[in-house]
Amino acid sequence: MASVTLQELTKRFDKVTAVNQINLDIPDKEFVVFVGPSGCGKTTTLRMIAGLEETSDGTILIGDRVVNDVPPKDRNIAMVFQNYALYPHMDVYKNMAFGLKLRRTPRPEIDRRVREAARILGIEDLLNRKPRQLSGGQRQRVAVGRAIVRQPEVFLFDEPLSNLDAKLRVQMRSELIKLHYQLEATMIYVTHDQVEAMTMGDRIVIMNNGEIQQVGDPMEVYNQPVNMFVAGFIGSPAMNFFQGKLTAQNSDLFVDFEKFVVKVPKSQATRFGNHVNQRVVFGIRPENISDREESGEHQQERVPAKVNVVEPLGSEVIVELSAGDHTFVGRLDPSTAARPMQEMAVYFDMSRFHLFDAETGVSLSHQ
Amino acid sequence: MKTRTRTFFGQLLTLHIPLVAFILFALFPFYFMVITSFKSDGELYNLKANPFIIQLSPTHPHYSGGPTLEHYRLLLRDTPFLTWLFNSVLVSVLATAISIVIAILAAYSLARLRFRGAPSFGTAVFITYLVPTTLLFLPLAQVVNRLGLADSVWALILTYPTFLVPFCTWLLLGYFRTIPQEIEECAMVDGCTRFQALIRIILPVAIPGVVCAVLFAFTISWNEFIYALTFISSTAQKTTTVGVTAELIRGDIFYWGSLMAGAVLGSIPIVLVYVVFMDYYVSGLTQGAIK
């Protein structure tokens, strides 16, 4: 059983609380991604799971075992570091065999496992080379291979792709995903890149300031963020936020941005009934802003705007717009007529907007 | 054509000539040492003779028989020079070994382990190095006497670490700090205890630094004079530095020829050590590519 359970896990460095009472259940075989900005506590949490940092409070369980006081080597885990951390004085074979040699594994078994891992990763002809003779991608593969041969209960990854160039990163990402299918092992992956989080994780744990903001599968976190931090962190280009006030007129709800107003569709008005006259933040993703009116059931609100910048990407066009005092970003079809410095009306898809409490940032749309 | 000669002359002026001048300056003492050790007394004490050469032509007025082995014979026959050489080797090797072991453990702890007072301890280690041996030798002599180590090479083997350890610790501390921590952490996840990680991973990677520390420690021990002079009185226990000066300077008479012969022979072990370790040092440098 290779589940990992964190109970009230806390880490303090002098006066700074880096990790604050984290609670999380990671079932066996899950690929879970910890994501967040630098300094949010994700790497510290990972290191505590590995046993490289002592916990200040709380419990860590691997399977049914409480491992707080168990040294890293006895936790049956393997870790892949951001800088690969290959042993420079050993060749690739010895790097991969090192852990097994320490555990007095018989030599034929070591050889079998090393060659098998090398085959899976495509590094069989690199076994006699030293780390300094390898490229970045090859080194990363050796680091992963070193983890695989140990057949651990849990794999820990600490931003392993951060040091690779963009193209290699995309390739290694899919290789790691395939590896997860092949090995069927529990994997805990730390990254600051939300694209990696979305594409690789069965579940994503978003952290900020030492606390878990939200846990969920990628689409859940994308479509139902529980606060402004998660909404703004996941998704690229980021969600647009407009400061406004929720007002009521007759039986209709509006979000008032002073210089313009959007109407809340009746089907959703009931949700926000008790927040009338409250200051709110209106969130809408760039892809839910269109430059053409859709007929039919689409609940659209027309917003007059001015185009500031047009960035053609080929498959789509990123447009920076302003309306009133607000600047926001839209993702438009390549055939758009948008030109810089032009007045253009855009349409907000009102089936896809989010409302947040202006003071706390908590979502009023999803709890 | 003009550019080529200009570059050639330019290089001559900025590189070759200064280099040659520096080499001459650096090697001159050795040259003089060797020349003097082979020069016969007649020529040596003749104030009119050229001090920088041995006169080889028999018709020259300053000629005195050409090069001679007399000084070496005197050194090896009439003084226990080989015993002194052996003592120097013994003291230097053991003192270096003890100091390096202690320094590696100290430097590793200071570089890697977080414990209360670690920074102050590091500073304290460095400050002890600053206290000169010329001040310490008197009180230390008392300690040595009390411990019953007076007049024994062990007095030196156990007191040399007092200045070797701070220096080597400081050197190795700087070196260990350049090794990324992930390597040991990875080793500890792989199955090492911290001590195993130090021996199997850190030390092989740190070989250039360790070799450097060993070379310095050995040289400092070999050349040490004050403690050797203070703690040791009987001739058979002396090291090369003290023995040669004590036996070959009798009152106001300096047996220059034999003194230089002693200096030449006493330099050979150091040269050998450097020659042997230099190759290892260089290969250590090319091996240790981190990341």
# chains A, B, ... in the order shown; residues from 1 in each chain; ligands from 1
call {"tool": "select_by_dssp", "arguments": {"residues": "range 19-100 of chain B", "states": "alpha helix (DSSP H)", "output": "JSON, numbers by chain"}}
result
{"B": [19, 20, 21, 22, 23, 24, 25, 26, 27, 28, 29, 30, 31, 32, 33, 34, 35, 36, 37, 38, 41, 42, 43, 44, 70, 71, 72, 73, 74, 75, 76, 77, 78, 81, 82, 83, 84, 85, 86, 87, 88, 89, 90, 91, 92, 93, 94, 95, 96, 97, 98, 99, 100]}
call {"tool": "residues_around", "arguments": {"residues": "Leu183 in chain A", "least_positions_apart": "6", "cutoff": "10 Å", "atoms": "only C-alpha atoms", "output": "list in words"}}
result
Lys29, Ile148 and Gln151 of chain A
call {"tool": "closest_residue", "arguments": {"among": "B:Ala107, B:Met188, B:Ile202, B:Met260", "to": "chain A", "atoms": "only C-alpha atoms"}}
result
B:Met188
call {"tool": "residues_around", "arguments": {"residues": "Met198 in chain A", "least_positions_apart": "5", "cutoff": "10 Å", "atoms": "only C-alpha atoms", "output": "list in words"}}
result
Val33, Val35, Asp193, Arg203, Ile204, Asp217, Pro218, Met219, Val221, Tyr222, Ile234 and Gly235 of chain A
call {"tool": "write_last_selection", "arguments": {"atoms": "N, CA and C atoms", "output": "PDB file, in the first residue's frame"}}
result
ATOM      1  N   VAL A  33      -0.101  16.594  -8.027  1.00  0.00           N
ATOM      2  CA  VAL A  33       0.832  17.685  -8.311  1.00  0.00           C
ATOM      3  C   VAL A  33       0.622  18.798  -7.301  1.00  0.00           C
ATOM      4  N   VAL A  35       1.269  22.566  -6.723  1.00  0.00           N
ATOM      5  CA  VAL A  35       1.639  23.705  -7.556  1.00  0.00           C
ATOM      6  C   VAL A  35       1.394  24.997  -6.796  1.00  0.00           C
ATOM      7  N   ASP A 193       4.893  25.465 -12.407  1.00  0.00           N
ATOM      8  CA  ASP A 193       4.322  25.636 -13.741  1.00  0.00           C
ATOM      9  C   ASP A 193       2.919  25.050 -13.776  1.00  0.00           C
ATOM     10  N   ARG A 203      -4.740  14.693  -9.677  1.00  0.00           N
ATOM     11  CA  ARG A 203      -5.297  15.756  -8.851  1.00  0.00           C
ATOM     12  C   ARG A 203      -4.242  16.837  -8.668  1.00  0.00           C
ATOM     13  N   ILE A 204      -4.714  18.068  -8.494  1.00  0.00           N
ATOM     14  CA  ILE A 204      -3.785  19.188  -8.286  1.00  0.00           C
ATOM     15  C   ILE A 204      -4.009  19.747  -6.891  1.00  0.00           C
ATOM     16  N   ASP A 217      -9.326  17.675  -9.302  1.00  0.00           N
ATOM     17  CA  ASP A 217      -8.753  17.282 -10.586  1.00  0.00           C
ATOM     18  C   ASP A 217      -8.644  18.538 -11.461  1.00  0.00           C
ATOM     19  N   PRO A 218      -7.849  18.448 -12.525  1.00  0.00           N
ATOM     20  CA  PRO A 218      -7.551  19.654 -13.301  1.00  0.00           C
ATOM     21  C   PRO A 218      -8.791  20.440 -13.752  1.00  0.00           C
ATOM     22  N   MET A 219      -9.796  19.768 -14.273  1.00  0.00           N
ATOM     23  CA  MET A 219     -10.959  20.505 -14.809  1.00  0.00           C
ATOM     24  C   MET A 219     -11.756  21.143 -13.683  1.00  0.00           C
ATOM     25  N   VAL A 221     -10.556  22.242 -10.855  1.00  0.00           N
ATOM     26  CA  VAL A 221      -9.813  23.404 -10.372  1.00  0.00           C
ATOM     27  C   VAL A 221      -9.905  24.550 -11.376  1.00  0.00           C
ATOM     28  N   TYR A 222      -9.975  24.178 -12.660  1.00  0.00           N
ATOM     29  CA  TYR A 222     -10.045  25.188 -13.713  1.00  0.00           C
ATOM     30  C   TYR A 222     -11.420  25.847 -13.759  1.00  0.00           C
ATOM     31  N   ILE A 234      -4.348  29.353 -12.119  1.00  0.00           N
ATOM     32  CA  ILE A 234      -4.544  28.301 -13.111  1.00  0.00           C
ATOM     33  C   ILE A 234      -5.129  28.909 -14.379  1.00  0.00           C
ATOM     34  N   GLY A 235      -4.585  28.538 -15.513  1.00  0.00           N
ATOM     35  CA  GLY A 235      -5.095  29.073 -16.779  1.00  0.00           C
ATOM     36  C   GLY A 235      -4.165  30.119 -17.331  1.00  0.00           C
TER      37      GLY A 235
END
call {"tool": "interface_residues", "arguments": {"of": "chain A", "to": "chain B", "cutoff": "8 Å", "atoms": "only C-alpha atoms", "output": "number ranges by chain"}}
result
A: 50, 52, 72-74, 77-79, 81, 83-89, 98-99, 102-103, 131-132
call {"tool": "write_last_selection", "arguments": {"atoms": "N, CA and C atoms", "output": "PDB file, in the first residue's frame"}}
result
ATOM      1  N   ALA A  50       9.802  13.393   2.236  1.00  0.00           N
ATOM      2  CA  ALA A  50      11.013  12.620   1.953  1.00  0.00           C
ATOM      3  C   ALA A  50      11.825  12.357   3.216  1.00  0.00           C
ATOM      4  N   LEU A  52      13.789  14.810   4.465  1.00  0.00           N
ATOM      5  CA  LEU A  52      14.954  15.699   4.401  1.00  0.00           C
ATOM      6  C   LEU A  52      14.761  16.939   5.251  1.00  0.00           C
ATOM      7  N   PRO A  72      15.209   9.062   5.801  1.00  0.00           N
ATOM      8  CA  PRO A  72      14.799   8.977   4.396  1.00  0.00           C
ATOM      9  C   PRO A  72      15.048   7.601   3.794  1.00  0.00           C
ATOM     10  N   LYS A  73      16.174   7.000   4.137  1.00  0.00           N
ATOM     11  CA  LYS A  73      16.521   5.754   3.474  1.00  0.00           C
ATOM     12  C   LYS A  73      15.592   4.607   3.840  1.00  0.00           C
ATOM     13  N   ASP A  74      14.854   4.764   4.947  1.00  0.00           N
ATOM     14  CA  ASP A  74      13.962   3.674   5.350  1.00  0.00           C
ATOM     15  C   ASP A  74      12.506   3.943   5.026  1.00  0.00           C
ATOM     16  N   ILE A  77      11.106   5.445  -0.415  1.00  0.00           N
ATOM     17  CA  ILE A  77      10.744   6.459  -1.397  1.00  0.00           C
ATOM     18  C   ILE A  77      11.937   6.678  -2.321  1.00  0.00           C
ATOM     19  N   ALA A  78      11.671   7.301  -3.460  1.00  0.00           N
ATOM     20  CA  ALA A  78      12.765   7.725  -4.335  1.00  0.00           C
ATOM     21  C   ALA A  78      12.466   9.142  -4.792  1.00  0.00           C
ATOM     22  N   MET A  79      13.524   9.934  -4.952  1.00  0.00           N
ATOM     23  CA  MET A  79      13.311  11.350  -5.260  1.00  0.00           C
ATOM     24  C   MET A  79      14.103  11.769  -6.486  1.00  0.00           C
ATOM     25  N   PHE A  81      15.496  15.168  -8.240  1.00  0.00           N
ATOM     26  CA  PHE A  81      15.730  16.560  -7.878  1.00  0.00           C
ATOM     27  C   PHE A  81      15.758  17.467  -9.097  1.00  0.00           C
ATOM     28  N   ASN A  83      18.009  19.638  -9.873  1.00  0.00           N
ATOM     29  CA  ASN A  83      19.326  19.673 -10.495  1.00  0.00           C
ATOM     30  C   ASN A  83      19.848  18.274 -10.804  1.00  0.00           C
ATOM     31  N   TYR A  84      18.966  17.307 -10.875  1.00  0.00           N
ATOM     32  CA  TYR A  84      19.300  15.917 -11.189  1.00  0.00           C
ATOM     33  C   TYR A  84      20.116  15.241 -10.067  1.00  0.00           C
ATOM     34  N   ALA A  85      21.066  15.965  -9.490  1.00  0.00           N
ATOM     35  CA  ALA A  85      21.876  15.425  -8.389  1.00  0.00           C
ATOM     36  C   ALA A  85      22.514  14.086  -8.719  1.00  0.00           C
ATOM     37  N   LEU A  86      23.038  13.943  -9.918  1.00  0.00           N
ATOM     38  CA  LEU A  86      23.759  12.715 -10.258  1.00  0.00           C
ATOM     39  C   LEU A  86      25.110  12.728  -9.574  1.00  0.00           C
ATOM     40  N   TYR A  87      25.600  11.546  -9.198  1.00  0.00           N
ATOM     41  CA  TYR A  87      26.907  11.467  -8.547  1.00  0.00           C
ATOM     42  C   TYR A  87      27.981  11.632  -9.620  1.00  0.00           C
ATOM     43  N   PRO A  88      28.720  12.731  -9.580  1.00  0.00           N
ATOM     44  CA  PRO A  88      29.586  13.061 -10.713  1.00  0.00           C
ATOM     45  C   PRO A  88      30.760  12.121 -10.909  1.00  0.00           C
ATOM     46  N   HIS A  89      31.166  11.420  -9.849  1.00  0.00           N
ATOM     47  CA  HIS A  89      32.342  10.574  -9.985  1.00  0.00           C
ATOM     48  C   HIS A  89      31.973   9.158 -10.405  1.00  0.00           C
ATOM     49  N   PHE A  98      23.602   2.483  -7.416  1.00  0.00           N
ATOM     50  CA  PHE A  98      24.082   2.865  -6.090  1.00  0.00           C
ATOM     51  C   PHE A  98      23.141   2.479  -4.969  1.00  0.00           C
ATOM     52  N   GLY A  99      21.859   2.854  -5.122  1.00  0.00           N
ATOM     53  CA  GLY A  99      20.899   2.581  -4.059  1.00  0.00           C
ATOM     54  C   GLY A  99      20.750   1.094  -3.794  1.00  0.00           C
ATOM     55  N   LEU A 102      23.754  -0.354  -1.955  1.00  0.00           N
ATOM     56  CA  LEU A 102      23.733  -0.059  -0.523  1.00  0.00           C
ATOM     57  C   LEU A 102      22.844  -1.026   0.231  1.00  0.00           C
ATOM     58  N   ARG A 103      21.799  -1.499  -0.458  1.00  0.00           N
ATOM     59  CA  ARG A 103      20.893  -2.429   0.210  1.00  0.00           C
ATOM     60  C   ARG A 103      21.313  -3.875   0.012  1.00  0.00           C
ATOM     61  N   PRO A 131      28.284  11.624 -15.885  1.00  0.00           N
ATOM     62  CA  PRO A 131      27.274  12.691 -15.987  1.00  0.00           C
ATOM     63  C   PRO A 131      27.728  13.893 -16.810  1.00  0.00           C
ATOM     64  N   ARG A 132      28.999  14.244 -16.709  1.00  0.00           N
ATOM     65  CA  ARG A 132      29.430  15.446 -17.425  1.00  0.00           C
ATOM     66  C   ARG A 132      29.415  15.244 -18.943  1.00  0.00           C
TER      67      ARG A 132
END
call {"tool": "closest_residue", "arguments": {"among": "B:Val264, B:Leu113, B:Leu90, B:Val131", "to": "Tyr31 in chain B", "atoms": "only C-alpha atoms"}}
result
B:Val264
call {"tool": "residues_around", "arguments": {"residues": "range 161-178 of chain B", "least_positions_apart": "5", "cutoff": "7 Å", "atoms": "only C-alpha atoms", "output": "list in words"}}
result
Ala95, Ser99, Ile100, Ile102, Ala103, Ile104, Ala106, Ala107, Tyr108, Ala111, Val125, Phe126, Tyr129, Gly209, Val210, Ala213 and Ala217 of chain B
call {"tool": "residues_around", "arguments": {"residues": "range 309-325 of chain A", "least_positions_apart": "5", "cutoff": "9 Å", "atoms": "only C-alpha atoms", "output": "MDAnalysis selection string"}}
result
chainID A and resid 237 257:260 286 303:304 330:336 338:341 344
call {"tool": "residues_around", "arguments": {"residues": "Ile49 in chain A", "least_positions_apart": "3", "cutoff": "7 Å", "atoms": "only C-alpha atoms", "output": "number ranges by chain"}}
result
A: 45-46, 60
call {"tool": "write_last_selection", "arguments": {"atoms": "N, CA and C atoms", "output": "PDB file, in the first residue's frame"}}
result
ATOM      1  N   THR A  45       7.059  20.950   1.864  1.00  0.00           N
ATOM      2  CA  THR A  45       6.167  19.819   2.131  1.00  0.00           C
ATOM      3  C   THR A  45       6.745  18.537   1.543  1.00  0.00           C
ATOM      4  N   LEU A  46       7.216  18.619   0.317  1.00  0.00           N
ATOM      5  CA  LEU A  46       7.798  17.446  -0.336  1.00  0.00           C
ATOM      6  C   LEU A  46       9.007  16.938   0.441  1.00  0.00           C
ATOM      7  N   ILE A  60       3.034  12.446   9.236  1.00  0.00           N
ATOM      8  CA  ILE A  60       3.111  11.963   7.846  1.00  0.00           C
ATOM      9  C   ILE A  60       2.986  10.443   7.892  1.00  0.00           C
TER      10      ILE A  60
END
call {"tool": "atom_distance", "arguments": {"atom1": "CA of Ala345 in chain A", "atom2": "CA of Arg285 in chain A"}}
result
16.8 Å
call {"tool": "residues_around", "arguments": {"residues": "Ser221 in chain B", "least_positions_apart": "2", "cutoff": "8 Å", "atoms": "only C-alpha atoms", "output": "mmCIF file with C-alpha atoms, in the first residue's frame"}}
result
data_model
loop_
_atom_site.group_PDB
_atom_site.id
_atom_site.type_symbol
_atom_site.label_atom_id
_atom_site.label_comp_id
_atom_site.auth_asym_id
_atom_site.auth_seq_id
_atom_site.Cartn_x
_atom_site.Cartn_y
_atom_site.Cartn_z
ATOM 1 C CA VAL B 91 55.808 13.776 11.896
ATOM 2 C CA SER B 92 54.484 15.336 8.690
ATOM 3 C CA ALA B 95 50.208 15.163 11.739
ATOM 4 C CA THR B 96 48.701 15.659 8.277
ATOM 5 C CA TYR B 160 50.984 20.388 14.830
ATOM 6 C CA ALA B 217 49.317 20.589 5.657
ATOM 7 C CA PHE B 218 52.282 18.428 4.683
ATOM 8 C CA THR B 219 54.345 21.406 3.582
ATOM 9 C CA ASN B 223 58.875 23.357 7.305
ATOM 10 C CA GLU B 224 57.828 23.943 10.882
#
